[in-house]
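Dumped my_file01.pdb below, it's PDB, C-alpha atoms:
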```pdb
MODEL        1
ATOM      1  CA  MET H   1      42.114  33.844  39.858  1.00  0.00           C
ATOM      2  CA  GLN H   2      38.686  34.396  41.365  1.00  0.00           C
ATOM      3  CA  LYS H   3      35.195  33.904  40.042  1.00  0.00           C
ATOM      4  CA  LEU H   4      33.480  36.956  38.624  1.00  0.00           C
ATOM      5  CA  SER H   5      30.215  38.396  39.842  1.00  0.00           C
ATOM      6  CA  LYS H   6      27.196  37.243  37.860  1.00  0.00           C
ATOM      7  CA  GLU H   7      26.906  40.663  36.192  1.00  0.00           C
ATOM      8  CA  ASP H   8      30.592  40.721  35.174  1.00  0.00           C
ATOM      9  CA  TYR H   9      30.364  37.114  33.980  1.00  0.00           C
ATOM     10  CA  ILE H  10      27.417  37.925  31.709  1.00  0.00           C
ATOM     11  CA  THR H  11      29.200  41.007  30.358  1.00  0.00           C
ATOM     12  CA  LEU H  12      32.298  38.920  29.565  1.00  0.00           C
ATOM     13  CA  GLU H  13      30.242  36.111  28.081  1.00  0.00           C
ATOM     14  CA  ASN H  14      28.398  38.514  25.767  1.00  0.00           C
ATOM     15  CA  LEU H  15      31.643  40.093  24.604  1.00  0.00           C
ATOM     16  CA  MET H  16      33.319  36.722  24.009  1.00  0.00           C
ATOM     17  CA  GLU H  17      30.544  35.830  21.566  1.00  0.00           C
ATOM     18  CA  LYS H  18      31.984  38.577  19.335  1.00  0.00           C
ATOM     19  CA  VAL H  19      35.717  38.126  19.938  1.00  0.00           C
ATOM     20  CA  PRO H  20      37.362  35.853  17.361  1.00  0.00           C
ATOM     21  CA  ASP H  21      39.936  33.325  18.503  1.00  0.00           C
ATOM     22  CA  PRO H  22      43.278  35.094  17.954  1.00  0.00           C
ATOM     23  CA  ASN H  23      44.743  31.833  16.681  1.00  0.00           C
ATOM     24  CA  SER H  24      42.345  31.932  13.740  1.00  0.00           C
ATOM     25  CA  THR H  25      42.747  35.610  12.782  1.00  0.00           C
ATOM     26  CA  PHE H  26      45.842  37.292  11.434  1.00  0.00           C
ATOM     27  CA  THR H  27      45.347  40.726  12.975  1.00  0.00           C
ATOM     28  CA  ALA H  28      43.754  42.003  16.138  1.00  0.00           C
ATOM     29  CA  THR H  29      40.191  43.192  15.827  1.00  0.00           C
ATOM     30  CA  GLY H  30      38.556  45.957  17.792  1.00  0.00           C
ATOM     31  CA  TRP H  31      36.934  43.245  19.879  1.00  0.00           C
ATOM     32  CA  HIS H  32      40.322  42.148  21.197  1.00  0.00           C
ATOM     33  CA  TYR H  33      40.982  45.672  22.463  1.00  0.00           C
ATOM     34  CA  ASP H  34      37.534  45.778  24.071  1.00  0.00           C
ATOM     35  CA  LEU H  35      38.285  42.445  25.743  1.00  0.00           C
ATOM     36  CA  MET H  36      41.586  43.703  27.132  1.00  0.00           C
ATOM     37  CA  ALA H  37      39.863  46.842  28.453  1.00  0.00           C
ATOM     38  CA  LEU H  38      37.121  44.792  30.123  1.00  0.00           C
ATOM     39  CA  LEU H  39      39.641  42.464  31.749  1.00  0.00           C
ATOM     40  CA  GLY H  40      41.460  45.567  32.978  1.00  0.00           C
ATOM     41  CA  LYS H  41      38.258  46.681  34.707  1.00  0.00           C
ATOM     42  CA  PHE H  42      38.210  43.312  36.444  1.00  0.00           C
ATOM     43  CA  GLY H  43      41.783  43.912  37.679  1.00  0.00           C
ATOM     44  CA  TYR H  44      43.633  41.759  35.149  1.00  0.00           C
ATOM     45  CA  ARG H  45      46.440  42.987  32.899  1.00  0.00           C
ATOM     46  CA  PRO H  46      46.873  40.469  30.078  1.00  0.00           C
ATOM     47  CA  ALA H  47      49.952  40.951  27.911  1.00  0.00           C
ATOM     48  CA  GLY H  48      48.402  40.894  24.455  1.00  0.00           C
ATOM     49  CA  ARG H  49      45.371  39.508  22.688  1.00  0.00           C
ATOM     50  CA  TYR H  50      46.359  35.839  23.027  1.00  0.00           C
ATOM     51  CA  ALA H  51      46.744  36.151  26.794  1.00  0.00           C
ATOM     52  CA  ALA H  52      43.503  38.139  27.031  1.00  0.00           C
ATOM     53  CA  TYR H  53      41.564  35.520  25.107  1.00  0.00           C
ATOM     54  CA  GLU H  54      42.991  32.638  27.145  1.00  0.00           C
ATOM     55  CA  LEU H  55      42.282  34.465  30.412  1.00  0.00           C
ATOM     56  CA  ALA H  56      38.703  35.202  29.368  1.00  0.00           C
ATOM     57  CA  VAL H  57      38.131  31.550  28.495  1.00  0.00           C
ATOM     58  CA  LYS H  58      39.474  30.490  31.909  1.00  0.00           C
ATOM     59  CA  LEU H  59      37.298  33.026  33.728  1.00  0.00           C
ATOM     60  CA  LEU H  60      34.223  31.765  31.908  1.00  0.00           C
ATOM     61  CA  GLU H  61      35.136  28.178  32.774  1.00  0.00           C
ATOM     62  CA  LEU H  62      35.284  29.134  36.466  1.00  0.00           C
ATOM     63  CA  GLY H  63      31.712  30.361  36.443  1.00  0.00           C
ATOM     64  CA  TYR H  64      30.476  33.144  38.687  1.00  0.00           C
ATOM     65  CA  VAL H  65      29.867  33.788  42.358  1.00  0.00           C
ATOM     66  CA  ASP H  66      26.289  33.025  43.362  1.00  0.00           C
TER      67      ASP H  66
ENDMDL
END
```
Exercise: express the given structure as structure tokens:
Amino acid sequence: MQKLSKEDYITLENLMEKVPDPNSTFTATGWHYDLMALLGKFGYRPAGRYAAYELAVKLLELGYVD
């Protein structure tokens, strides 16, 4: 897993402010699908909303390339 560019990091960070934790919601929201699509643009293929959310959290923890 590699750090995102600053632009991609900010895009992901802004989206994650809207995406609810899948462990606290019963059904997927439209935000989860948007998150999976965005991660796909970054080259990742998460298998479901839980994996997408966990991957996004890890990418944000890594920070971005200066």
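Candidate residues H:Glu61, H:Asp8, H:Leu55, H:Arg49 were compared for distance to Asn23 (chain H), and the nearest is H:Arg49, using all atoms listed in the file.
Between CA of Met16 (chain H) and CA of Gly48 (chain H) the interatomic distance comes to 15.7 Å.
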Point out the residue among H:Glu7, H:Tyr44, H:Thr25, H:Leu12 with the least atom-to-atom distance to Leu60 (chain H), counting only C-alpha atoms.
->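 Once distances to Leu60 (chain H) are computed over only C-alpha atoms, the minimum belongs to H:Leu12.
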Straight-line distance linking CA of Leu62 (chain H) with CA of Ser24 (chain H), stated in Å to one decimal =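 Between these atoms lies a distance of 24.0 Å.
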What box, with edges along x, y and z, holds each listed atom of region 37-48 of chain H when 6 Å is added on every side, and can you state its centre and edge lengths in Å to one decimal, as lines of an AutoDock Vina configuration file?
```
center_x = 43.5
center_y = 43.7
center_z = 31.1
size_x = 24.8
size_y = 18.4
size_z = 25.2
```
List the residues selected by the PyMOL selection byres ((chain H and resi 31-41) around 10) in the file shown, writing them as number ranges by chain.
-> H: 8, 11-12, 15-22, 27-30, 42-53, 55-56, 59
Would you kindly return, as a list in words, each protein, DNA or RNA residue with an atom no farther than 10 Å from any atom of Gly63 (chain H), considering only C-alpha atoms and excluding same-chain residues fewer than 6 positions away?
->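 Near neighbours after the sequence-gap exclusion: Gln2, Lys3, Leu4, Ser5, Lys6, Tyr9 and Ile10 of chain H.
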